[in-house]
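Q: Here it is, the structure in full.
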Amino acid sequence: MEPLPLCQALPIGLHEVHPQAGEKAPADIIDFRLGAVDKGHFPIDRWRLLSNRVLKDSSIYTYGDHQGDYLLRESIAKYLFRSRGVKTTAEQIIVGSSTQQLMYLLGSILGHSFNSIGFEEPGYAGAKVVFRALSYTIEPIPVDHNGLHLPSLGQIKSKLLYVTPSHQFPLGMIMPVHHRLALLNWAEEIDGYIIEDDYEASDLFDFSFEKI
């Protein structure tokens, strides 16, 4: 049975935490719910100011570049080089509205060469739904304290793998460097592909780090 997405795992009424009657919520409470925005720290005034400025640009009321705004893609390319040493160009970057949309595009392209994909178990259900909709066979791979269980790669037939090594979803393990290198060796040996979902790459506490 497919595990429920975390947002659906709680009974109705328990998705939000409310203080008991007559009690005040602690001032230091931290909301770790998926998809939640900390309203106390979100720069709403600056967001409103920039939104109003952008709305005056007539170009936003027309169809844009099918790969995403070119200036944004240029900035992303520079950011990737500064932060990770990745050499890429704006022409090699596609900007999408969500992980699911981009996975659908990628899955459609790879579907000409692959009909199955290996997935961490447990793993990100949102991506699994997309690949199932594209008629891929999902091959589950267990995880351990280091993330994806590498010896289990020998038990799957797929040459395509979806993995979250930097922060395994939903359990949070970090894959050691030597395990990541072993994954790259696996892909090279079988002429396969690895889809790395680094969904928290820019969630930084060091605000001195240069952003896009």
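Each chain of the structure tokens is named A, B, ... in the order shown, its residues numbered from 1; ligands are numbered from 1 in display order.
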Write out as a ChimeraX atom specification which residues come within 12 Å of range 124-136 of chain A when counting only C-alpha atoms, dropping same-chain ones fewer than 4 positions away.

A: /A:1-8,98-120,140,158,160-164,167-172,195-199

Q: Can you pull out every residue within 10 Å of Arg73 in chain A, counting only C-alpha atoms, but drop anything in the same chain fewer than 2 positions away, and send it as a list in words?

A: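 With the cut-off at 10 Å, the set is Gln67, Gly68, Asp69, Tyr70, Leu71, Ser75, Ile76, Ala77, Lys78, Tyr79, Thr89, Ala90, Glu91, Gln92, Ile93, Ile94, Val95 and Ile212 of chain A.
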
Q: Which of these, A:Pro165, A:Leu72, A:Leu50, A:Gln155, has the shortest distance to Val177 in chain A once you count only C-alpha atoms?

A: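 For Val177 in chain A, the nearest of the given residues is A:Pro165.
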
Q: Which of these residues is nearest to Gly123 in chain A, using only C-alpha atoms: A:Met173, A:Leu153, A:Leu55, A:Val86?

A: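 Under the stated criterion, the closest residue is A:Met173.
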
Q: Considering only strand (DSSP E or B) as DSSP defines it on the backbone, what residues of range 102-184 of chain A qualify? List them as a ChimeraX atom specification.

A: /A:116-121,137-144,147-148,160-163

Q: Looking only at the backbone, which of the residues in range 23-185 of chain A does DSSP tag as helix (DSSP H, G or I), as a ChimeraX atom specification?

A: /A:44-54,58-61,70-84,90-92,99-110,125-133,150-155,177-185

Q: Dump C-alpha atoms for the selected residues as a PDB file, in the first residue's frame?

A:
```pdb
ATOM      1  CA  ILE A  44       5.511  41.057   3.473  1.00  0.00           C
ATOM      2  CA  ASP A  45       6.111  44.813   3.079  1.00  0.00           C
ATOM      3  CA  ARG A  46       9.090  44.322   0.769  1.00  0.00           C
ATOM      4  CA  TRP A  47       7.229  41.586  -1.117  1.00  0.00           C
ATOM      5  CA  ARG A  48       4.295  43.961  -1.682  1.00  0.00           C
ATOM      6  CA  LEU A  49       6.631  46.753  -2.807  1.00  0.00           C
ATOM      7  CA  LEU A  50       8.431  44.557  -5.347  1.00  0.00           C
ATOM      8  CA  SER A  51       5.142  43.038  -6.564  1.00  0.00           C
ATOM      9  CA  ASN A  52       3.715  46.500  -7.255  1.00  0.00           C
ATOM     10  CA  ARG A  53       6.903  47.450  -9.101  1.00  0.00           C
ATOM     11  CA  VAL A  54       6.798  44.325 -11.277  1.00  0.00           C
ATOM     12  CA  SER A  58       4.083  45.445 -19.481  1.00  0.00           C
ATOM     13  CA  SER A  59       6.204  42.434 -20.471  1.00  0.00           C
ATOM     14  CA  ILE A  60       4.753  40.288 -17.673  1.00  0.00           C
ATOM     15  CA  TYR A  61       1.333  40.314 -19.371  1.00  0.00           C
ATOM     16  CA  TYR A  70      16.274  34.366 -19.199  1.00  0.00           C
ATOM     17  CA  LEU A  71      17.683  36.794 -16.628  1.00  0.00           C
ATOM     18  CA  LEU A  72      16.519  34.492 -13.834  1.00  0.00           C
ATOM     19  CA  ARG A  73      18.184  31.508 -15.500  1.00  0.00           C
ATOM     20  CA  GLU A  74      21.392  33.496 -15.884  1.00  0.00           C
ATOM     21  CA  SER A  75      21.296  34.336 -12.173  1.00  0.00           C
ATOM     22  CA  ILE A  76      20.671  30.687 -11.280  1.00  0.00           C
ATOM     23  CA  ALA A  77      23.654  29.620 -13.396  1.00  0.00           C
ATOM     24  CA  LYS A  78      25.921  32.113 -11.595  1.00  0.00           C
ATOM     25  CA  TYR A  79      24.530  31.021  -8.220  1.00  0.00           C
ATOM     26  CA  LEU A  80      25.210  27.351  -8.976  1.00  0.00           C
ATOM     27  CA  PHE A  81      28.805  28.140  -9.900  1.00  0.00           C
ATOM     28  CA  ARG A  82      29.383  30.222  -6.743  1.00  0.00           C
ATOM     29  CA  SER A  83      27.685  27.832  -4.353  1.00  0.00           C
ATOM     30  CA  ARG A  84      28.573  24.443  -5.865  1.00  0.00           C
ATOM     31  CA  ALA A  90      21.114  29.732 -18.883  1.00  0.00           C
ATOM     32  CA  GLU A  91      20.328  27.630 -21.954  1.00  0.00           C
ATOM     33  CA  GLN A  92      20.752  24.432 -19.879  1.00  0.00           C
ATOM     34  CA  THR A  99       8.736  19.855  -8.479  1.00  0.00           C
ATOM     35  CA  GLN A 100       5.862  17.828  -9.920  1.00  0.00           C
ATOM     36  CA  GLN A 101       5.727  19.871 -13.123  1.00  0.00           C
ATOM     37  CA  LEU A 102       9.459  19.538 -13.716  1.00  0.00           C
ATOM     38  CA  MET A 103       9.384  15.822 -12.894  1.00  0.00           C
ATOM     39  CA  TYR A 104       6.620  15.408 -15.480  1.00  0.00           C
ATOM     40  CA  LEU A 105       8.741  17.118 -18.139  1.00  0.00           C
ATOM     41  CA  LEU A 106      11.819  15.098 -17.216  1.00  0.00           C
ATOM     42  CA  GLY A 107       9.874  11.849 -17.000  1.00  0.00           C
ATOM     43  CA  SER A 108       8.341  12.466 -20.422  1.00  0.00           C
ATOM     44  CA  ILE A 109      11.796  12.952 -21.952  1.00  0.00           C
ATOM     45  CA  LEU A 110      13.360   9.947 -20.229  1.00  0.00           C
ATOM     46  CA  ALA A 125       5.033  10.430  -2.811  1.00  0.00           C
ATOM     47  CA  GLY A 126       4.474  13.508  -4.992  1.00  0.00           C
ATOM     48  CA  ALA A 127       7.178  12.411  -7.434  1.00  0.00           C
ATOM     49  CA  LYS A 128       6.022   8.791  -7.415  1.00  0.00           C
ATOM     50  CA  VAL A 129       2.533   9.880  -8.485  1.00  0.00           C
ATOM     51  CA  VAL A 130       4.017  11.700 -11.475  1.00  0.00           C
ATOM     52  CA  PHE A 131       6.105   8.764 -12.679  1.00  0.00           C
ATOM     53  CA  ARG A 132       3.195   6.348 -12.201  1.00  0.00           C
ATOM     54  CA  ALA A 133       1.025   8.660 -14.306  1.00  0.00           C
ATOM     55  CA  LEU A 150      23.288   0.921  -1.603  1.00  0.00           C
ATOM     56  CA  PRO A 151      23.470  -2.919  -1.606  1.00  0.00           C
ATOM     57  CA  SER A 152      19.780  -2.997  -2.604  1.00  0.00           C
ATOM     58  CA  LEU A 153      20.614  -1.309  -5.917  1.00  0.00           C
ATOM     59  CA  GLY A 154      21.714  -4.730  -7.137  1.00  0.00           C
ATOM     60  CA  GLN A 155      18.155  -6.013  -6.677  1.00  0.00           C
ATOM     61  CA  VAL A 177      30.150  11.576   0.435  1.00  0.00           C
ATOM     62  CA  HIS A 178      31.550   8.092  -0.199  1.00  0.00           C
ATOM     63  CA  HIS A 179      28.005   6.775  -0.666  1.00  0.00           C
ATOM     64  CA  ARG A 180      27.289   9.527  -3.191  1.00  0.00           C
ATOM     65  CA  LEU A 181      30.431   8.606  -5.100  1.00  0.00           C
ATOM     66  CA  ALA A 182      29.297   4.986  -5.072  1.00  0.00           C
ATOM     67  CA  LEU A 183      25.979   6.088  -6.585  1.00  0.00           C
ATOM     68  CA  LEU A 184      27.807   7.885  -9.381  1.00  0.00           C
ATOM     69  CA  ASN A 185      29.898   4.764 -10.021  1.00  0.00           C
TER      70      ASN A 185
END
```

Q: Quote the spacing between CA of Met175 in chain A and CA of Glu121 in chain A in Å to one decimal place.

A: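 CA of Met175 in chain A sits 14.7 Å away from CA of Glu121 in chain A.
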
Q: So how many Å separate CA of Gly147 in chain A and CA of Gly192 in chain A, to one decimal?

A: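 So the answer is 19.6 Å.
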
Q: To one decimal place in Å, what is the distance between CA of His41 in chain A and CA of Glu200 in chain A?

A: 18.2 Å
